[in-house]
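work19.cif follows (mmCIF, C-alpha atoms):
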data_data
#
loop_
_atom_site.group_PDB
_atom_site.id
_atom_site.type_symbol
_atom_site.label_atom_id
_atom_site.label_comp_id
_atom_site.auth_asym_id
_atom_site.auth_seq_id
_atom_site.Cartn_x
_atom_site.Cartn_y
_atom_site.Cartn_z
ATOM 1 C CA MET V 1 3.710 3.640 10.581
ATOM 2 C CA SER V 2 6.393 5.259 8.430
ATOM 3 C CA ARG V 3 5.747 8.174 6.082
ATOM 4 C CA ARG V 4 6.626 5.904 3.151
ATOM 5 C CA VAL V 5 4.008 3.349 4.145
ATOM 6 C CA ARG V 6 1.355 6.035 4.746
ATOM 7 C CA SER V 7 2.112 7.494 1.323
ATOM 8 C CA ALA V 8 1.918 4.075 -0.286
ATOM 9 C CA LEU V 9 -1.407 3.338 1.393
ATOM 10 C CA ALA V 10 -2.742 6.632 0.113
ATOM 11 C CA GLY V 11 -1.621 5.462 -3.313
ATOM 12 C CA VAL V 12 -3.520 2.210 -2.842
ATOM 13 C CA LEU V 13 -6.660 4.192 -2.120
ATOM 14 C CA ALA V 14 -6.113 6.570 -5.000
ATOM 15 C CA ALA V 15 -5.880 3.540 -7.266
ATOM 16 C CA VAL V 16 -9.083 2.152 -5.753
ATOM 17 C CA LEU V 17 -10.883 5.443 -6.355
ATOM 18 C CA THR V 18 -10.573 5.345 -10.114
ATOM 19 C CA GLY V 19 -10.279 1.918 -11.099
ATOM 20 C CA ALA V 20 -4.403 -1.210 -20.552
ATOM 21 C CA GLY V 21 -3.313 -1.856 -24.025
ATOM 22 C CA PRO V 22 -1.284 -4.162 -26.266
ATOM 23 C CA HIS V 23 1.031 -6.696 -24.728
ATOM 24 C CA ALA V 24 3.759 -9.151 -25.585
ATOM 25 C CA VAL V 25 4.029 -12.597 -24.030
ATOM 26 C CA ALA V 26 7.233 -14.185 -22.768
ATOM 27 C CA ALA V 27 8.233 -17.325 -24.629
ATOM 28 C CA GLU V 28 9.506 -18.937 -21.414
ATOM 29 C CA ALA V 29 8.725 -18.609 -17.732
ATOM 30 C CA PRO V 30 10.186 -15.247 -16.670
ATOM 31 C CA GLU V 31 13.016 -15.046 -14.154
ATOM 32 C CA ARG V 32 13.072 -11.269 -13.582
ATOM 33 C CA ILE V 33 9.593 -9.862 -13.021
ATOM 34 C CA ILE V 34 8.527 -6.319 -12.290
ATOM 35 C CA SER V 35 5.161 -6.303 -10.545
ATOM 36 C CA VAL V 36 2.946 -3.227 -10.604
ATOM 37 C CA GLY V 37 -0.130 -3.267 -8.371
ATOM 38 C CA GLY V 38 -0.647 -4.524 -4.833
ATOM 39 C CA ALA V 39 -2.986 -7.383 -5.802
ATOM 40 C CA VAL V 40 -0.621 -8.563 -8.552
ATOM 41 C CA THR V 41 2.376 -8.592 -6.218
ATOM 42 C CA GLU V 42 0.409 -10.381 -3.505
ATOM 43 C CA THR V 43 -0.604 -13.008 -6.060
ATOM 44 C CA LEU V 44 2.951 -13.584 -7.243
ATOM 45 C CA PHE V 45 4.093 -14.229 -3.691
ATOM 46 C CA ALA V 46 1.110 -16.508 -3.070
ATOM 47 C CA LEU V 47 2.203 -18.522 -6.119
ATOM 48 C CA GLY V 48 5.722 -18.893 -4.719
ATOM 49 C CA LEU V 49 7.243 -16.513 -7.254
ATOM 50 C CA GLY V 50 8.491 -13.847 -4.866
ATOM 51 C CA ASP V 51 12.117 -14.728 -5.566
ATOM 52 C CA ARG V 52 11.632 -13.792 -9.225
ATOM 53 C CA ILE V 53 10.416 -10.253 -8.512
ATOM 54 C CA VAL V 54 13.137 -7.653 -9.051
ATOM 55 C CA ALA V 55 11.077 -4.507 -8.448
ATOM 56 C CA VAL V 56 7.572 -3.358 -7.512
ATOM 57 C CA ASP V 57 5.474 -0.218 -7.405
ATOM 58 C CA SER V 58 4.720 1.694 -4.203
ATOM 59 C CA THR V 59 1.272 0.132 -3.732
ATOM 60 C CA SER V 60 2.862 -3.307 -3.313
ATOM 61 C CA LEU V 61 2.794 -3.463 0.484
ATOM 62 C CA TYR V 62 2.124 -7.167 1.082
ATOM 63 C CA PRO V 63 3.839 -9.340 2.008
ATOM 64 C CA ALA V 64 6.499 -7.488 3.968
ATOM 65 C CA GLU V 65 9.210 -8.833 1.651
ATOM 66 C CA ALA V 66 7.718 -6.772 -1.162
ATOM 67 C CA THR V 67 8.442 -3.517 0.637
ATOM 68 C CA ALA V 68 12.177 -4.313 0.650
ATOM 69 C CA LEU V 69 12.351 -4.553 -3.145
ATOM 70 C CA PRO V 70 13.424 -1.695 -5.442
ATOM 71 C CA GLN V 71 10.537 0.541 -6.488
ATOM 72 C CA VAL V 72 9.626 1.863 -9.925
ATOM 73 C CA GLY V 73 7.188 4.532 -8.775
ATOM 74 C CA TYR V 74 3.516 4.752 -7.944
ATOM 75 C CA LEU V 75 1.031 2.656 -9.944
ATOM 76 C CA ARG V 76 -0.209 5.629 -11.975
ATOM 77 C CA GLN V 77 3.126 7.443 -12.123
ATOM 78 C CA LEU V 78 5.591 4.810 -13.239
ATOM 79 C CA SER V 79 9.105 5.593 -14.320
ATOM 80 C CA SER V 80 9.792 3.818 -17.602
ATOM 81 C CA GLU V 81 13.505 4.444 -17.110
ATOM 82 C CA GLY V 82 13.318 2.846 -13.668
ATOM 83 C CA VAL V 83 11.513 -0.176 -15.091
ATOM 84 C CA LEU V 84 13.984 -0.706 -17.935
ATOM 85 C CA ALA V 85 16.978 -0.198 -15.640
ATOM 86 C CA GLN V 86 15.992 -3.324 -13.700
ATOM 87 C CA ARG V 87 16.488 -5.457 -16.833
ATOM 88 C CA PRO V 88 13.257 -7.448 -16.387
ATOM 89 C CA ASP V 89 12.125 -10.153 -18.759
ATOM 90 C CA MET V 90 8.465 -9.556 -17.851
ATOM 91 C CA VAL V 91 6.410 -6.634 -16.565
ATOM 92 C CA LEU V 92 3.016 -7.281 -15.028
ATOM 93 C CA LEU V 93 0.896 -4.136 -15.037
ATOM 94 C CA GLY V 94 -2.090 -4.013 -12.723
ATOM 95 C CA GLU V 95 -5.137 -2.218 -14.056
ATOM 96 C CA GLY V 96 -4.739 1.549 -14.029
ATOM 97 C CA ALA V 97 -0.962 1.551 -14.507
ATOM 98 C CA GLY V 98 0.315 4.719 -16.086
ATOM 99 C CA PRO V 99 0.983 7.255 -17.322
ATOM 100 C CA ALA V 100 0.196 6.164 -20.856
ATOM 101 C CA SER V 101 3.527 7.490 -22.136
ATOM 102 C CA ALA V 102 5.485 5.334 -19.685
ATOM 103 C CA VAL V 103 3.413 2.244 -20.460
ATOM 104 C CA GLU V 104 3.962 2.847 -24.193
ATOM 105 C CA GLN V 105 7.731 3.131 -23.724
ATOM 106 C CA ILE V 106 7.827 -0.066 -21.687
ATOM 107 C CA THR V 107 5.682 -1.942 -24.206
ATOM 108 C CA ASN V 108 7.664 -0.676 -27.208
ATOM 109 C CA SER V 109 10.950 -1.739 -25.598
ATOM 110 C CA GLY V 110 10.255 -5.349 -26.605
ATOM 111 C CA LEU V 111 9.754 -6.584 -23.064
ATOM 112 C CA ALA V 112 7.011 -9.104 -22.368
ATOM 113 C CA VAL V 113 4.218 -7.021 -20.844
ATOM 114 C CA GLU V 114 0.955 -8.332 -19.425
ATOM 115 C CA ASN V 115 -1.933 -6.106 -18.411
ATOM 116 C CA ILE V 116 -3.755 -7.633 -15.447
ATOM 117 C CA ALA V 117 -7.386 -6.657 -14.861
ATOM 118 C CA ILE V 118 -8.292 -6.077 -11.208
ATOM 119 C CA GLY V 119 -11.973 -6.497 -10.437
ATOM 120 C CA TRP V 120 -14.157 -6.342 -7.352
ATOM 121 C CA SER V 121 -15.902 -9.694 -7.356
ATOM 122 C CA PRO V 122 -15.018 -13.278 -6.442
ATOM 123 C CA GLU V 123 -14.928 -14.136 -10.146
ATOM 124 C CA SER V 124 -12.601 -11.223 -10.892
ATOM 125 C CA VAL V 125 -10.184 -12.283 -8.165
ATOM 126 C CA THR V 126 -9.923 -15.864 -9.421
ATOM 127 C CA THR V 127 -9.590 -14.679 -13.036
ATOM 128 C CA MET V 128 -6.780 -12.343 -11.996
ATOM 129 C CA ILE V 129 -4.959 -15.173 -10.202
ATOM 130 C CA ARG V 130 -5.186 -17.429 -13.262
ATOM 131 C CA LYS V 131 -3.994 -14.631 -15.557
ATOM 132 C CA VAL V 132 -0.933 -13.998 -13.404
ATOM 133 C CA GLY V 133 -0.206 -17.727 -13.322
ATOM 134 C CA ASP V 134 -0.557 -18.152 -17.065
ATOM 135 C CA ALA V 135 1.719 -15.177 -17.732
ATOM 136 C CA THR V 136 4.466 -16.477 -15.471
ATOM 137 C CA GLY V 137 4.445 -20.182 -16.286
ATOM 138 C CA ALA V 138 2.708 -21.076 -13.021
ATOM 139 C CA GLY V 139 -0.662 -21.970 -14.472
ATOM 140 C CA ASP V 140 -1.135 -25.156 -12.457
ATOM 141 C CA ARG V 141 -0.336 -23.484 -9.155
ATOM 142 C CA ALA V 142 -2.558 -20.563 -10.073
ATOM 143 C CA GLY V 143 -5.420 -22.903 -10.860
ATOM 144 C CA THR V 144 -5.074 -24.532 -7.457
ATOM 145 C CA LEU V 145 -4.932 -21.162 -5.704
ATOM 146 C CA ALA V 146 -7.889 -19.812 -7.683
ATOM 147 C CA ASP V 147 -9.970 -22.866 -6.822
ATOM 148 C CA SER V 148 -9.105 -22.452 -3.143
ATOM 149 C CA VAL V 149 -10.032 -18.762 -3.182
ATOM 150 C CA ALA V 150 -13.310 -19.547 -4.970
ATOM 151 C CA ALA V 151 -14.129 -22.175 -2.344
ATOM 152 C CA ASP V 152 -13.420 -19.663 0.430
ATOM 153 C CA PHE V 153 -15.742 -17.109 -1.167
ATOM 154 C CA ALA V 154 -18.443 -19.787 -1.488
ATOM 155 C CA ALA V 155 -18.086 -20.875 2.150
ATOM 156 C CA LEU V 156 -18.332 -17.256 3.240
ATOM 157 C CA ALA V 157 -21.448 -16.637 1.149
ATOM 158 C CA ASP V 158 -23.123 -19.675 2.722
ATOM 159 C CA ALA V 159 -22.361 -18.456 6.250
ATOM 160 C CA VAL V 160 -23.084 -14.733 6.048
ATOM 161 C CA PRO V 161 -26.669 -13.643 6.818
ATOM 162 C CA GLN V 162 -28.011 -11.871 3.762
ATOM 163 C CA GLU V 163 -31.022 -10.108 5.285
ATOM 164 C CA ASP V 164 -31.184 -7.075 7.544
ATOM 165 C CA GLY V 165 -27.449 -6.477 7.434
ATOM 166 C CA PRO V 166 -26.024 -3.414 9.166
ATOM 167 C CA THR V 167 -25.668 -0.130 7.325
ATOM 168 C CA VAL V 168 -22.057 0.839 6.806
ATOM 169 C CA LEU V 169 -20.177 3.970 5.800
ATOM 170 C CA LEU V 170 -16.585 3.687 4.657
ATOM 171 C CA VAL V 171 -14.627 6.941 4.695
ATOM 172 C CA ILE V 172 -11.270 7.358 3.009
ATOM 173 C CA SER V 173 -8.670 9.904 2.138
ATOM 174 C CA ALA V 174 -6.249 9.744 -0.767
ATOM 175 C CA GLY V 175 -4.107 12.494 0.721
ATOM 176 C CA ALA V 176 -4.940 16.185 0.955
ATOM 177 C CA GLY V 177 -8.543 17.275 0.819
ATOM 178 C CA PRO V 178 -11.777 16.257 2.500
ATOM 179 C CA LEU V 179 -12.801 12.818 3.641
ATOM 180 C CA LEU V 180 -14.627 10.867 0.967
ATOM 181 C CA GLY V 181 -17.533 8.515 1.469
ATOM 182 C CA ALA V 182 -17.873 5.268 -0.475
ATOM 183 C CA GLY V 183 -20.976 4.743 -2.575
ATOM 184 C CA THR V 184 -22.075 2.389 -5.299
ATOM 185 C CA HIS V 185 -19.742 0.973 -7.958
ATOM 186 C CA THR V 186 -16.776 0.875 -5.572
ATOM 187 C CA ALA V 187 -14.560 -1.798 -4.071
ATOM 188 C CA ALA V 188 -15.942 -0.735 -0.699
ATOM 189 C CA GLU V 189 -19.507 -1.512 -1.731
ATOM 190 C CA VAL V 190 -18.532 -5.028 -2.793
ATOM 191 C CA ALA V 191 -16.444 -5.705 0.328
ATOM 192 C CA ILE V 192 -19.286 -4.532 2.575
ATOM 193 C CA SER V 193 -21.809 -6.634 0.655
ATOM 194 C CA LEU V 194 -19.628 -9.767 0.819
ATOM 195 C CA ALA V 195 -19.563 -9.320 4.592
ATOM 196 C CA GLY V 196 -23.351 -9.041 4.803
ATOM 197 C CA GLY V 197 -23.589 -5.278 5.187
ATOM 198 C CA ARG V 198 -25.337 -2.514 3.272
ATOM 199 C CA LEU V 199 -24.215 0.914 2.148
ATOM 200 C CA ALA V 200 -25.357 3.648 4.505
ATOM 201 C CA LEU V 201 -25.425 6.103 1.583
ATOM 202 C CA PRO V 202 -26.807 4.015 -1.310
ATOM 203 C CA THR V 203 -27.606 7.058 -3.466
ATOM 204 C CA LEU V 204 -23.930 8.065 -3.478
ATOM 205 C CA GLU V 205 -22.031 6.908 -6.562
ATOM 206 C CA GLY V 206 -18.299 6.368 -6.441
ATOM 207 C CA TYR V 207 -16.288 8.193 -3.792
ATOM 208 C CA LYS V 208 -17.584 11.669 -2.981
ATOM 209 C CA PRO V 209 -16.764 14.355 -0.385
ATOM 210 C CA LEU V 210 -18.778 13.929 2.788
ATOM 211 C CA SER V 211 -20.871 16.486 4.601
ATOM 212 C CA LEU V 212 -22.297 15.917 8.050
ATOM 213 C CA GLU V 213 -26.012 16.288 7.333
ATOM 214 C CA PRO V 214 -26.492 13.233 5.075
ATOM 215 C CA VAL V 215 -24.291 11.132 7.356
ATOM 216 C CA LEU V 216 -26.426 12.037 10.375
ATOM 217 C CA ALA V 217 -29.576 11.315 8.372
ATOM 218 C CA ALA V 218 -28.235 7.912 7.333
ATOM 219 C CA ASP V 219 -27.113 7.111 10.902
ATOM 220 C CA PRO V 220 -24.814 4.217 9.865
ATOM 221 C CA ASP V 221 -24.504 1.234 12.165
ATOM 222 C CA TYR V 222 -20.762 1.079 11.496
ATOM 223 C CA ILE V 223 -18.135 3.422 10.077
ATOM 224 C CA ILE V 224 -14.997 1.942 8.494
ATOM 225 C CA VAL V 225 -11.784 3.989 8.437
ATOM 226 C CA PRO V 226 -8.517 2.828 6.810
ATOM 227 C CA SER V 227 -5.674 2.532 9.306
ATOM 228 C CA HIS V 228 -3.424 4.943 7.414
ATOM 229 C CA VAL V 229 -6.114 7.646 7.628
ATOM 230 C CA VAL V 230 -6.128 7.198 11.396
ATOM 231 C CA GLU V 231 -2.361 7.711 11.377
ATOM 232 C CA ILE V 232 -2.655 10.857 9.269
ATOM 233 C CA LEU V 233 -5.214 12.245 11.702
ATOM 234 C CA GLY V 234 -2.855 11.735 14.623
ATOM 235 C CA GLY V 235 -4.315 8.515 15.972
ATOM 236 C CA MET V 236 -7.653 7.708 17.529
ATOM 237 C CA ASP V 237 -7.875 11.029 19.354
ATOM 238 C CA GLY V 238 -7.694 12.874 16.045
ATOM 239 C CA LEU V 239 -10.202 10.513 14.468
ATOM 240 C CA ARG V 240 -12.717 11.019 17.276
ATOM 241 C CA GLU V 241 -12.588 14.771 16.701
ATOM 242 C CA LEU V 242 -14.073 14.415 13.209
ATOM 243 C CA ASP V 243 -17.715 15.448 13.191
ATOM 244 C CA VAL V 244 -18.721 12.372 11.164
ATOM 245 C CA ILE V 245 -17.339 10.316 14.051
ATOM 246 C CA ALA V 246 -18.071 12.450 17.096
ATOM 247 C CA GLU V 247 -21.672 13.272 16.175
ATOM 248 C CA THR V 248 -22.827 9.870 14.942
ATOM 249 C CA ASN V 249 -24.215 6.986 16.940
ATOM 250 C CA ALA V 250 -21.567 4.702 15.443
ATOM 251 C CA GLY V 251 -18.853 6.939 16.851
ATOM 252 C CA ARG V 252 -20.499 7.366 20.244
ATOM 253 C CA ASN V 253 -21.228 3.656 20.609
ATOM 254 C CA GLY V 254 -17.801 2.321 19.650
ATOM 255 C CA ARG V 255 -18.733 0.967 16.228
ATOM 256 C CA ILE V 256 -15.749 2.365 14.341
ATOM 257 C CA ILE V 257 -13.850 -0.257 12.353
ATOM 258 C CA ILE V 258 -10.189 0.254 11.512
ATOM 259 C CA ALA V 259 -9.107 -1.647 8.396
ATOM 260 C CA ASP V 260 -5.932 -2.206 6.428
ATOM 261 C CA SER V 261 -6.634 -0.635 3.038
ATOM 262 C CA LEU V 262 -4.932 -3.170 0.780
ATOM 263 C CA TYR V 263 -6.374 -6.108 2.707
ATOM 264 C CA LEU V 264 -9.986 -4.902 2.535
ATOM 265 C CA LEU V 265 -10.078 -3.055 -0.792
ATOM 266 C CA GLY V 266 -7.223 -4.552 -2.828
ATOM 267 C CA PHE V 267 -9.125 -7.707 -3.888
ATOM 268 C CA GLY V 268 -6.091 -9.934 -3.973
ATOM 269 C CA PRO V 269 -5.951 -13.585 -2.847
ATOM 270 C CA ARG V 270 -6.733 -12.585 0.763
ATOM 271 C CA ALA V 271 -10.066 -11.006 -0.195
ATOM 272 C CA PRO V 272 -12.234 -13.824 1.262
ATOM 273 C CA GLN V 273 -10.427 -13.580 4.614
ATOM 274 C CA ALA V 274 -10.847 -9.789 4.650
ATOM 275 C CA ALA V 275 -14.581 -10.076 4.017
ATOM 276 C CA ALA V 276 -14.816 -12.776 6.699
ATOM 277 C CA ASP V 277 -13.075 -10.540 9.242
ATOM 278 C CA LEU V 278 -15.591 -7.805 8.492
ATOM 279 C CA ALA V 279 -18.498 -10.260 8.645
ATOM 280 C CA ARG V 280 -17.483 -11.374 12.133
ATOM 281 C CA ILE V 281 -17.925 -7.777 13.303
ATOM 282 C CA PHE V 282 -21.208 -7.256 11.458
ATOM 283 C CA HIS V 283 -22.672 -10.611 12.552
ATOM 284 C CA PRO V 284 -21.105 -11.605 15.869
ATOM 285 C CA ASP V 285 -23.587 -14.451 16.397
ATOM 286 C CA ALA V 286 -22.991 -16.067 12.994
ATOM 287 C CA ASP V 287 -20.546 -18.930 12.490
ATOM 288 C CA ILE V 288 -18.223 -17.236 10.001
ATOM 289 C CA PRO V 289 -15.545 -19.505 8.469
ATOM 290 C CA LEU V 290 -11.994 -18.666 7.356
ATOM 291 C CA GLU V 291 -9.188 -17.693 9.677
ATOM 292 C CA SER V 292 -8.045 -14.108 9.602
ATOM 293 C CA ALA V 293 -5.007 -13.453 7.430
ATOM 294 C CA GLY V 294 -3.732 -11.103 10.113
ATOM 295 C CA GLY V 295 -3.143 -13.814 12.700
ATOM 296 C CA ASP V 296 -2.210 -12.229 16.019
ATOM 297 C CA HIS V 297 -2.197 -8.782 14.407
ATOM 298 C CA PRO V 298 -5.767 -8.074 13.254
ATOM 299 C CA LEU V 299 -6.000 -6.177 9.988
ATOM 300 C CA ILE V 300 -9.678 -5.340 10.524
ATOM 301 C CA GLN V 301 -10.960 -4.619 14.012
ATOM 302 C CA LEU V 302 -13.188 -2.405 16.112
ATOM 303 C CA ALA V 303 -11.352 0.679 17.319
ATOM 304 C CA LYS V 304 -10.269 0.584 20.922
#

This entry written out as structure tokens:
Amino acid sequence: MSRRVRSALAGVLAAVLTGAGPHAVAAEAPERIISVGGAVTETLFALGLGDRIVAVDSTSLYPAEATALPQVGYLRQLSSEGVLAQRPDMVLLGEGAGPASAVEQITNSGLAVENIAIGWSPESVTTMIRKVGDATGAGDRAGTLADSVAADFAALADAVPQEDGPTVLLVISAGAGPLLGAGTHTAAEVAISLAGGRLALPTLEGYKPLSLEPVLAADPDYIIVPSHVVEILGGMDGLRELDVIAETNAGRNGRIIIADSLYLLGFGPRAPQAAADLARIFHPDADIPLESAGGDHPLIQLAK
């Protein structure tokens, strides 16, 4: 994994950790779109609008074609000059875009700007898809996609056992500093719940630095680690040296799950497939629907 991709994945997580203003609307379907936010960019491509995107932010890592486009900075550190230099006729700003001064300059330039809310629920995902479609003149296609995503979430909910799910700890890093554990009111909590799991640290709120004692007391059944964190740590050998891995039953018994950050926590159109991939690990005897979006290259899997 390249340094650029690792940095971008850290940006995805930083956006997830903290998760917009007046807007103008384009009179006609836009032809030159700047997309800010991984879920927004993923949605545009899913709607067949990838050829209209002229630039993206650094959290736009899927599909691969998005990473080849010019960049206008990180979601929360946009360059207004970089945005305007691309001569877009629409800017889609995912929730949390900033800084405020850059967003104000972009909005005051007269460009059509749409602020797109990114939520952590099936309803939020389908609402986001419809909003992107309405803003770009692809409302019918967005409605079809949203209905399909809603049906996938419903099929998953019917199949996932909802009682006695495993306890799960998701640990992340947004760059320098200690590992953080995911608690309530996070994208991680929702993703784990959709897959039929439970938070191992339910009294933790948000993302907080981890210490070993409460992790050992919680004794999670599974620990989820984003793939880019594994890379930062020097691979699986570095990961296994962490005390929260080495001294827990999950670590000793091979129940460490490596997950693509954007796929699991981005809550774009692939969110039902991500939750299904996780559910297949949590509930190996259940008949979980939905094919993995990773195909032959699993995006969520038990560490080897």

Residues at most 6 Å from region 190-201 of chain V, counting all atoms listed in the file, excluding those fewer than 5 positions away in the same chain, as a ChimeraX atom specification? /V:160,162,165-169,218,220,275,278-279

Could you please take those selected residues and save C-alpha atoms as a tab-separated table (two decimals), in the frame of the given file?
chain	number	residue	atom	x	y	z
V	160	VAL	CA	-23.08	-14.73	6.05
V	162	GLN	CA	-28.01	-11.87	3.76
V	165	GLY	CA	-27.45	-6.48	7.43
V	166	PRO	CA	-26.02	-3.41	9.17
V	167	THR	CA	-25.67	-0.13	7.32
V	168	VAL	CA	-22.06	0.84	6.81
V	169	LEU	CA	-20.18	3.97	5.80
V	218	ALA	CA	-28.24	7.91	7.33
V	220	PRO	CA	-24.81	4.22	9.86
V	275	ALA	CA	-14.58	-10.08	4.02
V	278	LEU	CA	-15.59	-7.80	8.49
V	279	ALA	CA	-18.50	-10.26	8.64

Residues matched by the PyMOL selection byres ((chain V and resi 287-302) around 7) as JSON, numbers by chain: {"V": [155, 156, 159, 160, 255, 256, 257, 258, 259, 260, 270, 273, 276, 277, 278, 280, 285, 286, 303, 304]}

Might you pull out every residue within 9 Å of Ala138 (chain V), with all atoms listed in the file counted and same-chain residues fewer than 6 positions away left off, and present them as a PyMOL selection string? chain V and resi 29+47+49+130+132

Counting all atoms listed in the file, figure out which residue out of V:Gly143, V:Pro99, V:Tyr263, V:Ile33 gets nearest to Gln77 (chain V). V:Pro99

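Residue nearest Val113 (chain V) within the list V:Ser211, V:Thr127, V:Thr203, V:Thr136: V:Thr136 [criterion: smallest interatomic distance, all atoms listed in the file].
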
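The spacing separating CA of Thr248 (chain V) from CA of Asp221 (chain V) amounts to 9.2 Å.
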
What would the selection look like, as a PyMOL selection string, if the PyMOL selection byres ((chain V and resi 55) around 12) were run on the coordinates I just shared? chain V and resi 32-37+41+50-54+56-60+65-74+78-79+82-92

Go ahead and save the picked residues with C-alpha atoms, as an mmCIF file, in the frame of the given file.
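Resulting contents of part.cif:
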data_model
loop_
_atom_site.group_PDB
_atom_site.id
_atom_site.type_symbol
_atom_site.label_atom_id
_atom_site.label_comp_id
_atom_site.auth_asym_id
_atom_site.auth_seq_id
_atom_site.Cartn_x
_atom_site.Cartn_y
_atom_site.Cartn_z
ATOM 1 C CA ARG V 32 13.072 -11.269 -13.582
ATOM 2 C CA ILE V 33 9.593 -9.862 -13.021
ATOM 3 C CA ILE V 34 8.527 -6.319 -12.290
ATOM 4 C CA SER V 35 5.161 -6.303 -10.545
ATOM 5 C CA VAL V 36 2.946 -3.227 -10.604
ATOM 6 C CA GLY V 37 -0.130 -3.267 -8.371
ATOM 7 C CA THR V 41 2.376 -8.592 -6.218
ATOM 8 C CA GLY V 50 8.491 -13.847 -4.866
ATOM 9 C CA ASP V 51 12.117 -14.728 -5.566
ATOM 10 C CA ARG V 52 11.632 -13.792 -9.225
ATOM 11 C CA ILE V 53 10.416 -10.253 -8.512
ATOM 12 C CA VAL V 54 13.137 -7.653 -9.051
ATOM 13 C CA VAL V 56 7.572 -3.358 -7.512
ATOM 14 C CA ASP V 57 5.474 -0.218 -7.405
ATOM 15 C CA SER V 58 4.720 1.694 -4.203
ATOM 16 C CA THR V 59 1.272 0.132 -3.732
ATOM 17 C CA SER V 60 2.862 -3.307 -3.313
ATOM 18 C CA GLU V 65 9.210 -8.833 1.651
ATOM 19 C CA ALA V 66 7.718 -6.772 -1.162
ATOM 20 C CA THR V 67 8.442 -3.517 0.637
ATOM 21 C CA ALA V 68 12.177 -4.313 0.650
ATOM 22 C CA LEU V 69 12.351 -4.553 -3.145
ATOM 23 C CA PRO V 70 13.424 -1.695 -5.442
ATOM 24 C CA GLN V 71 10.537 0.541 -6.488
ATOM 25 C CA VAL V 72 9.626 1.863 -9.925
ATOM 26 C CA GLY V 73 7.188 4.532 -8.775
ATOM 27 C CA TYR V 74 3.516 4.752 -7.944
ATOM 28 C CA LEU V 78 5.591 4.810 -13.239
ATOM 29 C CA SER V 79 9.105 5.593 -14.320
ATOM 30 C CA GLY V 82 13.318 2.846 -13.668
ATOM 31 C CA VAL V 83 11.513 -0.176 -15.091
ATOM 32 C CA LEU V 84 13.984 -0.706 -17.935
ATOM 33 C CA ALA V 85 16.978 -0.198 -15.640
ATOM 34 C CA GLN V 86 15.992 -3.324 -13.700
ATOM 35 C CA ARG V 87 16.488 -5.457 -16.833
ATOM 36 C CA PRO V 88 13.257 -7.448 -16.387
ATOM 37 C CA ASP V 89 12.125 -10.153 -18.759
ATOM 38 C CA MET V 90 8.465 -9.556 -17.851
ATOM 39 C CA VAL V 91 6.410 -6.634 -16.565
ATOM 40 C CA LEU V 92 3.016 -7.281 -15.028
#

Selection dump of the PyMOL selection byres ((chain V and resi 183) around 8), as a list in words: Gly181, Ala182, Thr184, His185, Thr186, Ala188, Glu189, Leu199, Leu201, Pro202, Thr203, Leu204, Glu205, Gly206, Tyr207 and Lys208 of chain V

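Among the candidate residues V:Met236, V:Leu242, V:Ala250, V:Pro161, the one lying nearest to Asp219 (chain V) is V:Ala250, with distances computed using all atoms listed in the file.
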
Can you tell me, as JSON, numbers by chain, what residues are no more than 8 Å from Arg76 (chain V) when counting only C-alpha atoms, ignoring any on the same chain fewer than 6 positions away? {"V": [15, 96, 97, 98, 99]}

How far is it from CA of His283 (chain V) to CA of Val244 (chain V), in Å with one decimal? 23.4 Å

Considering only C-alpha atoms, return as a PDB file with C-alpha atoms, keeping the file's coordinate frame whatever protein or nucleic-acid residues lie within 12 Å of Gly177 (chain V), sequence-local ones (same chain, fewer than 4 positions apart) excluded.
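Heads up, here's the output in out-v3.pdb:
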ATOM      1  CA  ILE V 172     -11.270   7.358   3.009  1.00  0.00           C
ATOM      2  CA  SER V 173      -8.670   9.904   2.138  1.00  0.00           C
ATOM      3  CA  LYS V 208     -17.584  11.669  -2.981  1.00  0.00           C
ATOM      4  CA  PRO V 209     -16.764  14.355  -0.385  1.00  0.00           C
ATOM      5  CA  LEU V 210     -18.778  13.929   2.788  1.00  0.00           C
TER       6      LEU V 210
END

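Counting from CA of Gly38 (chain V), the distance to CA of Ala146 (chain V) is 17.2 Å.
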
With distances taken over all atoms listed in the file, which of V:Val215, V:Val171, V:Gly266, V:Leu180 is nearest to Glu247 (chain V)? V:Val215

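If all atoms listed in the file are the atoms counted, then among V:Glu213, V:Pro284, V:Ala274, V:Pro269 the closest residue to Thr144 (chain V) is V:Pro269.
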
If the box runs along x, y and z of the file and leaves 6 Å on each side of region 266-281 of chain V, what are its centre and edge lengths in Å, one decimal, as AutoDock Vina command-line options?
--center_x -12.2 --center_y -9.2 --center_z 4.7 --size_x 24.5 --size_y 21.3 --size_z 29.3

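Considering all atoms listed in the file, the residue among V:Tyr222, V:Phe282, V:Ser227, V:Glu123 positioned nearest to Ala154 (chain V) is V:Glu123.
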